[in-house]
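To be precise, the following lines are start-v4.txt, and they hold compact mmCIF, C-alpha atoms.
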# COMPACT_ATOMS: atom_id res chain seq x y z
CA MET A 22 -9.13 17.85 13.60
CA ARG A 23 -8.48 14.10 13.50
CA HIS A 24 -5.34 12.39 12.28
CA LEU A 25 -5.05 13.14 8.57
CA THR A 26 -3.33 10.93 6.00
CA LEU A 27 -2.27 12.22 2.60
CA LEU A 28 -1.07 10.07 -0.28
CA LEU A 29 1.05 12.57 -2.20
CA LYS A 30 2.07 11.99 -5.83
CA PRO A 31 4.78 14.60 -6.45
CA VAL A 32 5.35 13.50 -10.06
CA GLY A 33 1.93 11.99 -10.68
CA ASP A 34 2.13 8.71 -12.60
CA ARG A 35 5.62 9.29 -14.04
CA CYS A 36 7.93 6.28 -13.89
CA PHE A 37 10.87 4.89 -15.85
CA LEU A 38 9.77 1.27 -15.48
CA GLN A 39 7.30 -0.52 -17.73
CA CYS A 40 5.72 -2.99 -15.31
CA ASP A 41 3.11 -4.79 -17.35
CA TYR A 42 0.71 -5.10 -14.42
CA CYS A 43 0.77 -1.38 -13.61
CA PHE A 44 -2.69 0.18 -13.52
CA TYR A 45 -1.34 3.76 -13.83
CA ARG A 46 0.66 4.29 -17.01
CA SER A 47 -0.98 7.58 -17.86
CA PRO A 48 -0.59 8.61 -21.52
CA GLN A 49 0.20 12.17 -20.35
CA PRO A 50 2.06 11.91 -17.04
CA ALA A 51 2.23 15.00 -14.86
CA GLY A 52 5.32 17.05 -14.19
CA LEU A 53 6.86 17.84 -10.82
CA MET A 54 4.55 19.36 -8.21
CA ALA A 55 5.16 23.10 -8.45
CA PRO A 56 6.40 25.12 -5.44
CA GLN A 57 3.17 27.16 -5.41
CA THR A 58 1.15 23.94 -5.22
CA VAL A 59 3.23 22.75 -2.28
CA ASP A 60 2.84 26.11 -0.55
CA MET A 61 -0.92 26.14 -1.10
CA LEU A 62 -1.25 22.60 0.23
CA LEU A 63 0.69 23.54 3.35
CA GLN A 64 -1.38 26.68 3.82
CA LYS A 65 -4.60 24.65 3.74
CA LEU A 66 -3.16 22.05 6.10
CA ARG A 67 -2.11 24.78 8.51
CA GLN A 68 -5.68 26.10 8.53
CA LEU A 69 -7.01 22.58 9.04
CA ARG A 70 -4.86 22.01 12.13
CA PRO A 71 -4.83 18.19 12.16
CA ALA A 72 -4.03 16.45 15.44
CA ALA A 73 -1.42 14.42 13.53
CA LEU A 74 -0.41 14.10 9.91
CA SER A 75 0.92 11.20 7.87
CA VAL A 76 2.33 11.84 4.40
CA VAL A 77 2.89 8.89 2.08
CA PHE A 78 4.76 9.67 -1.14
CA GLN A 79 3.55 7.53 -4.03
CA GLY A 80 3.74 7.45 -7.79
CA GLY A 81 4.54 6.48 -10.47
CA GLU A 82 8.01 6.71 -9.01
CA PRO A 83 8.05 9.53 -6.42
CA LEU A 84 11.85 9.70 -6.15
CA LEU A 85 11.84 11.23 -9.63
CA ALA A 86 10.93 14.44 -7.79
CA GLY A 87 14.57 14.56 -6.65
CA LEU A 88 16.19 14.79 -3.24
CA ALA A 89 15.97 18.60 -3.20
CA PHE A 90 12.17 18.43 -3.48
CA PHE A 91 11.95 16.04 -0.53
CA ARG A 92 14.30 18.14 1.59
CA THR A 93 12.33 21.31 0.91
CA PHE A 94 8.95 19.66 1.41
CA THR A 95 9.76 18.06 4.74
CA LYS A 96 11.35 21.25 6.06
CA LYS A 97 8.35 23.34 5.06
CA ILE A 98 5.74 20.94 6.39
CA ARG A 99 7.41 20.58 9.77
CA ALA A 100 7.44 24.36 10.04
CA ALA A 101 3.80 24.68 8.98
CA ILE A 102 2.21 21.86 11.00
CA HIS A 103 2.40 22.12 14.78
CA ALA A 104 1.55 18.47 15.30
CA PRO A 105 3.32 15.13 14.87
CA VAL A 106 4.18 14.47 11.20
CA SER A 107 5.28 11.08 9.86
CA PHE A 108 6.59 10.24 6.41
CA ALA A 109 6.61 7.14 4.21
CA VAL A 110 7.47 6.55 0.58
CA GLN A 111 6.77 3.70 -1.84
CA THR A 112 9.52 3.28 -4.42
CA ASN A 113 10.78 0.86 -7.03
CA GLY A 114 14.18 1.47 -5.42
CA LEU A 115 16.22 2.21 -8.51
CA LEU A 116 16.97 5.82 -7.53
CA VAL A 117 17.89 5.03 -3.93
CA ASP A 118 21.48 6.08 -3.26
CA ASP A 119 23.49 7.14 -0.23
CA GLY A 120 22.02 10.66 -0.40
CA PHE A 121 18.41 9.50 -0.37
CA ALA A 122 19.13 6.84 2.25
CA ALA A 123 20.83 9.29 4.61
CA PHE A 124 17.88 11.67 4.20
CA PHE A 125 15.33 8.92 4.90
CA ARG A 126 17.20 8.03 8.07
CA GLU A 127 17.46 11.65 9.14
CA GLN A 128 13.73 12.29 8.64
CA HIS A 129 12.61 8.88 9.97
CA PHE A 130 10.95 7.79 6.72
CA LEU A 131 9.45 4.34 6.38
CA VAL A 132 10.46 3.16 2.91
CA GLY A 133 8.41 0.60 1.00
CA VAL A 134 10.41 -1.14 -1.71
CA SER A 135 8.69 -3.03 -4.53
CA LEU A 136 10.19 -6.50 -4.87
CA ASP A 137 8.10 -9.41 -6.11
CA GLY A 138 10.49 -12.23 -5.15
CA GLU A 139 13.72 -13.75 -6.38
CA SER A 140 15.08 -12.63 -9.75
CA ALA A 141 12.96 -14.84 -12.03
CA THR A 142 9.74 -13.81 -10.27
CA HIS A 143 10.61 -10.13 -9.94
CA ASP A 144 11.98 -9.59 -13.45
CA ARG A 145 9.02 -11.28 -15.09
CA HIS A 146 6.99 -8.07 -14.85
CA ARG A 147 9.20 -5.36 -13.34
CA ARG A 148 11.44 -4.21 -16.19
CA THR A 149 12.61 -0.89 -17.56
CA LYS A 150 11.07 0.65 -20.66
CA ASP A 151 14.03 -0.84 -22.57
CA GLY A 152 13.14 -4.29 -21.27
CA GLU A 153 16.08 -4.49 -18.87
CA PRO A 154 15.67 -6.48 -15.63
CA THR A 155 15.69 -4.59 -12.33
CA PHE A 156 16.18 -7.24 -9.64
CA ASP A 157 19.88 -6.61 -8.98
CA ARG A 158 19.36 -2.85 -8.74
CA VAL A 159 16.51 -3.27 -6.26
CA ILE A 160 18.59 -5.57 -4.06
CA LYS A 161 21.40 -3.00 -4.14
CA ALA A 162 18.92 -0.30 -3.06
CA ILE A 163 17.76 -2.41 -0.12
CA GLU A 164 21.36 -2.99 0.95
CA THR A 165 21.92 0.78 0.83
CA LEU A 166 18.87 1.39 3.02
CA LYS A 167 20.06 -1.24 5.49
CA ALA A 168 23.54 0.26 5.61
CA HIS A 169 22.04 3.61 6.63
CA GLY A 170 19.69 2.09 9.20
CA VAL A 171 16.52 3.06 7.32
CA ASP A 172 13.24 1.37 8.27
CA TYR A 173 11.92 -0.43 5.21
CA ASN A 174 9.42 -3.06 4.15
CA ILE A 175 8.89 -5.16 1.05
CA LEU A 176 5.83 -4.78 -1.20
CA SER A 177 5.06 -7.68 -3.55
CA VAL A 178 2.36 -7.85 -6.20
CA VAL A 179 0.67 -11.25 -6.41
CA THR A 180 -0.15 -12.56 -9.89
CA ASP A 181 -1.30 -15.93 -11.18
CA GLU A 182 2.34 -16.93 -11.68
CA SER A 183 3.82 -15.57 -8.46
CA ALA A 184 1.00 -17.00 -6.35
CA LYS A 185 2.25 -20.49 -7.26
CA GLU A 186 5.83 -19.51 -6.42
CA ILE A 187 5.17 -18.45 -2.83
CA ASP A 188 7.37 -21.20 -1.32
CA ARG A 189 10.40 -19.96 -3.24
CA THR A 190 9.54 -16.32 -2.56
CA TRP A 191 9.09 -16.93 1.16
CA ALA A 192 12.36 -18.84 1.42
CA PHE A 193 14.16 -16.08 -0.47
CA PHE A 194 12.72 -13.30 1.71
CA ARG A 195 13.64 -15.17 4.90
CA ALA A 196 17.16 -15.83 3.61
CA LYS A 197 17.56 -12.10 2.93
CA GLY A 198 16.34 -11.26 6.44
CA PHE A 199 13.27 -9.30 5.33
CA ARG A 200 11.04 -8.95 8.38
CA PHE A 201 8.19 -6.76 7.12
CA LEU A 202 6.23 -7.93 4.08
CA GLN A 203 3.14 -6.76 2.23
CA PHE A 204 1.46 -8.78 -0.51
CA ILE A 205 -1.22 -7.17 -2.68
CA PRO A 206 -3.30 -8.77 -5.46
CA CYS A 207 -2.61 -7.32 -8.89
CA LEU A 208 -5.35 -5.42 -10.64
CA ASP A 209 -6.19 -6.85 -14.04
CA ALA A 210 -3.91 -5.12 -16.54
CA GLY A 211 -3.34 -6.38 -20.06
CA ASN A 212 -2.48 -10.06 -19.94
CA VAL A 213 -1.58 -10.07 -16.23
CA SER A 214 -4.19 -11.10 -13.69
CA LEU A 215 -4.87 -13.08 -10.53
CA SER A 216 -7.69 -15.60 -10.34
CA ALA A 217 -9.65 -16.28 -7.16
CA GLU A 218 -8.42 -19.87 -7.27
CA ASN A 219 -4.75 -18.88 -7.39
CA TYR A 220 -5.24 -16.19 -4.78
CA ALA A 221 -6.84 -18.77 -2.46
CA PHE A 222 -3.79 -21.00 -2.92
CA PHE A 223 -1.48 -18.07 -2.19
CA LEU A 224 -3.36 -16.97 0.94
CA LYS A 225 -3.46 -20.46 2.40
CA ARG A 226 0.10 -21.44 1.57
CA SER A 227 1.63 -18.13 2.68
CA PHE A 228 -0.24 -18.42 5.97
CA ASP A 229 1.09 -21.95 6.51
CA LEU A 230 4.62 -20.68 5.98
CA TRP A 231 4.00 -17.71 8.29
CA TYR A 232 2.50 -19.91 11.00
CA ASP A 233 5.38 -22.38 10.81
CA ALA A 234 7.77 -19.49 11.42
CA TRP A 235 5.58 -18.24 14.29
CA GLU A 236 5.67 -21.65 15.96
CA GLN A 237 9.46 -21.62 15.66
CA GLY A 238 9.53 -18.31 17.53
CA ASP A 239 10.36 -16.33 14.40
CA TYR A 240 7.80 -13.55 13.97
CA ILE A 241 7.65 -12.10 10.45
CA SER A 242 5.24 -9.25 9.87
CA VAL A 243 2.89 -9.92 6.94
CA ARG A 244 0.53 -6.99 6.68
CA HIS A 245 -2.74 -8.73 5.86
CA ILE A 246 -2.18 -11.41 8.53
CA ASP A 247 -1.24 -8.77 11.10
CA ASN A 248 -4.46 -6.93 10.36
CA TYR A 249 -6.69 -10.00 10.66
CA ILE A 250 -5.15 -10.71 14.04
CA ARG A 251 -5.70 -7.08 15.06
CA ILE A 252 -9.38 -7.50 14.23
CA LEU A 253 -9.55 -10.71 16.28
CA LEU A 254 -8.03 -8.74 19.17
CA GLY A 255 -10.79 -6.15 18.86
CA GLU A 256 -8.57 -3.50 17.28
CA PRO A 257 -9.27 -1.63 14.04
CA PRO A 258 -7.21 -2.63 10.98
CA GLU A 259 -4.60 -0.11 9.91
CA ASN A 260 -4.94 -1.13 6.24
CA CYS A 261 -7.75 0.86 4.61
CA ALA A 262 -8.45 -2.03 2.21
CA MET A 263 -9.51 -4.12 5.20
CA CYS A 264 -11.73 -1.55 6.92
CA GLY A 265 -14.86 -2.34 4.89
CA VAL A 266 -15.47 1.32 4.10
CA CYS A 267 -13.44 4.01 2.35
CA GLY A 268 -12.44 7.41 3.63
CA SER A 269 -9.08 6.80 5.31
CA TYR A 270 -7.06 9.35 3.35
CA PHE A 271 -6.87 11.88 0.52
CA THR A 272 -4.79 11.47 -2.62
CA VAL A 273 -3.05 14.67 -3.76
CA GLU A 274 -1.96 14.69 -7.40
CA ALA A 275 0.98 16.72 -8.72
CA ASP A 276 -1.31 19.51 -9.93
CA GLY A 277 -3.00 19.77 -6.52
CA SER A 278 -6.14 17.84 -7.45
CA LEU A 279 -7.71 15.85 -4.60
CA TYR A 280 -9.25 12.37 -4.82
CA PRO A 281 -10.72 10.06 -2.18
CA CYS A 282 -8.56 7.07 -3.14
CA ASP A 283 -5.50 6.24 -5.22
CA PHE A 284 -7.48 3.64 -7.18
CA PHE A 285 -10.11 6.20 -8.15
CA CYS A 286 -8.11 9.14 -9.51
CA ARG A 287 -10.63 9.77 -12.27
CA ASP A 288 -12.58 12.87 -13.25
CA GLU A 289 -15.85 11.67 -11.73
CA TYR A 290 -14.19 11.29 -8.31
CA ARG A 291 -12.21 14.54 -8.28
CA LEU A 292 -13.05 16.23 -4.97
CA GLY A 293 -11.47 19.56 -5.82
CA SER A 294 -8.04 21.14 -5.53
CA VAL A 295 -5.72 22.50 -2.88
CA PHE A 296 -6.37 25.86 -4.54
CA ASP A 297 -10.03 25.74 -3.46
CA ASN A 298 -11.12 27.68 -0.40
CA ASP A 299 -11.79 24.65 1.81
CA PRO A 300 -10.53 21.62 -0.13
CA PHE A 301 -10.70 19.06 2.68
CA ARG A 302 -14.32 19.76 3.62
CA GLU A 303 -16.59 16.83 2.77
CA ASN A 304 -18.61 17.49 -0.38
CA GLU A 305 -21.28 15.62 -2.31
CA ILE A 306 -18.78 13.70 -4.45
CA GLN A 307 -17.00 12.41 -1.37
CA ARG A 308 -20.24 11.59 0.44
CA SER A 309 -21.41 9.59 -2.57
CA PHE A 310 -18.07 7.78 -2.80
CA LEU A 311 -18.10 6.86 0.88
CA ALA A 312 -21.72 5.73 0.78
CA ALA A 313 -21.00 3.44 -2.16
CA SER A 314 -18.27 1.68 -0.17
CA GLU A 315 -20.75 0.92 2.61
CA THR A 316 -23.08 -1.01 0.28
CA ILE A 317 -22.40 -4.73 0.46
CA HIS A 318 -23.69 -7.77 -1.38
CA ALA A 319 -26.55 -9.80 0.14
CA HIS A 320 -24.17 -12.75 0.25
CA CYS A 321 -21.87 -10.76 2.55
CA GLN A 322 -24.66 -9.90 4.98
CA ASN A 323 -25.12 -13.57 5.85
CA CYS A 324 -21.45 -14.59 5.76
CA LYS A 325 -19.88 -15.80 9.00
CA TYR A 326 -16.58 -14.26 7.92
CA HIS A 327 -17.82 -10.77 7.12
CA PHE A 328 -16.54 -9.48 10.47
CA LEU A 329 -13.02 -10.25 9.18
CA CYS A 330 -13.34 -9.74 5.43
CA ARG A 331 -15.62 -6.67 5.58
CA GLY A 332 -16.06 -6.89 1.83
CA GLY A 333 -12.40 -6.30 1.06
CA CYS A 334 -11.04 -3.41 -0.96
CA ARG A 335 -13.56 -1.53 -3.08
CA ALA A 336 -11.13 -1.67 -6.01
CA ASP A 337 -11.69 -5.45 -6.09
CA ARG A 338 -15.49 -5.33 -5.93
CA ILE A 339 -17.75 -6.35 -8.78
CA GLU A 340 -21.55 -6.48 -9.25
CA ASN A 341 -22.00 -2.71 -8.91
CA GLY A 342 -19.25 -2.52 -6.34
CA THR A 343 -20.96 -4.78 -3.79
CA LYS A 344 -19.20 -8.16 -3.99
CA ASN A 345 -15.47 -8.81 -3.87
CA LYS A 346 -14.18 -10.82 -6.82
CA TYR A 347 -11.96 -12.72 -4.37
CA CYS A 348 -14.87 -13.70 -2.11
CA GLY A 349 -14.28 -17.42 -2.70
CA ALA A 350 -10.57 -17.01 -2.01
CA TYR A 351 -11.21 -15.28 1.30
CA ARG A 352 -13.74 -17.90 2.40
CA ALA A 353 -11.30 -20.69 1.57
CA PHE A 354 -8.54 -18.87 3.43
CA PHE A 355 -10.61 -18.32 6.59
CA ASP A 356 -11.76 -21.95 6.55
CA HIS A 357 -8.09 -22.88 6.40
CA ALA A 358 -6.51 -20.38 8.79
CA LEU A 359 -9.01 -18.82 11.20
CA ALA A 360 -8.56 -21.32 14.03
CA ARG A 361 -4.80 -20.81 13.99
CA MET A 362 -5.15 -17.02 13.80
CA GLN A 363 -7.40 -17.21 16.86
CA THR A 364 -4.72 -19.26 18.61
CA VAL A 365 -2.15 -16.57 17.85
CA ALA A 366 -4.52 -13.86 19.08
CA ARG A 367 -5.07 -15.70 22.38
CA GLN A 368 -1.32 -16.11 22.84
CA LEU A 369 -0.79 -12.40 22.24
CA LEU A 370 -3.45 -11.53 24.80
CA ARG A 371 -1.56 -13.59 27.37

Encoding of this model in structure tokens:
Amino acid sequence: MRHLTLLLKPVGDRCFLQCDYCFYRSPQPAGLMAPQTVDMLLQKLRQLRPAALSVVFQGGEPLLAGLAFFRTFTKKIRAAIHAPVSFAVQTNGLLVDDGFAAFFREQHFLVGVSLDGESATHDRHRRTKDGEPTFDRVIKAIETLKAHGVDYNILSVVTDESAKEIDRTWAFFRAKGFRFLQFIPCLDAGNVSLSAENYAFFLKRSFDLWYDAWEQGDYISVRHIDNYIRILLGEPPENCAMCGVCGSYFTVEADGSLYPCDFFCRDEYRLGSVFDNDPFRENEIQRSFLAASETIHAHCQNCKYHFLCRGGCRADRIENGTKNKYCGAYRAFFDHALARMQTVARQLLR
């Protein structure tokens, strides 16, 4: 079988932060993934015999599962899968200590740490349930990862406020020596949102800052820019949100339920369970989900930038899931940056 990617939520949506832009916040968060669920998942993966396997631990806050869970899981999966296995985890960082960091280094984890910017930007939304700021604790976690030689990147959520603060955020990230960055637009949650106008400003200004660094010989990896350049080089994007169609991975919830996407963990999209006979076989629910992602708006069909945009992430699409709500932002960004991205692509080819 092909390369398989699993987004594994060992504690479901459980988290001890109260980020006001979080789209999870389940009223009844799941408990820890039970040993029998882990064993059944591994049994089904063994039968599937993937050519390679990537496991991304997500949440909520996945480190709530505890270091013992991660040690047991990685040991079992390496024994069960006779193919290359890679691991990544996305964390708020607050539970990272020397024990976790040493383990991540030992097992070659890529660790994504959520950090929205300098303290004022980060602590605006990312606070504990008691309202306490988290910036200092996240910076300490990153320093611990660095001390242990762990590969890590920074994940920042872009909101109306933080979009306008990109100059300060970029300067702060460069001063801290962060080389791998990912910026994602927030999903509307409560009073926190991101308008197309502000996202356009963010995309254009962040690219200017990135390109200035590039011209100075300082390459900083920004995931969405990297992927656009990959497309210009004739390579497929590695970010599923930029592929134009869904179907890049399975989400596995703590109870073993399977879903086609982390943004669509709802009853109507439940594909089945690891306790089913053949849980990874394509079924009607999945076929319908994938087909819906292939339907694009008439405006997209005639757009000169569709080969790059590809409709964007389905989670951001409106009008029956056919048009991206950030369409205007993407068009403004490509008008602004495409020629320079093409220049970078030509230089890379040489």

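Going from atom CA of A:Val171 to atom CA of A:His129 covers 7.5 Å.
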
* Which residue out of A:Ala101, A:Ile250, A:Gln111, A:Val178 has the minimum interatomic distance to A:Ala360 when all atoms listed in the file are used? ->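 Residue with the minimum atom-to-atom distance to A:Ala360: A:Ile250.
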
* Report the distance between atom CA of A:Asp299 and atom CA of A:Lys65 in Å, rounded to one decimal place. =>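 Between atom CA of A:Asp299 and atom CA of A:Lys65 the gap is 7.4 Å.
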
* To do: Please provide as a PyMOL selection string all residues within 9 Å of A:His146, with the sequence filter that same-chain residues fewer than 3 positions apart are discarded (counting only C-alpha atoms).
  => chain A and resi 39-42+137+142-143+154+213

* Nearest to A:Gly152 among A:Leu292, A:Lys167, A:Phe37, A:Arg331, with distances taken over all atoms listed in the file: which residue is it? -> A:Phe37
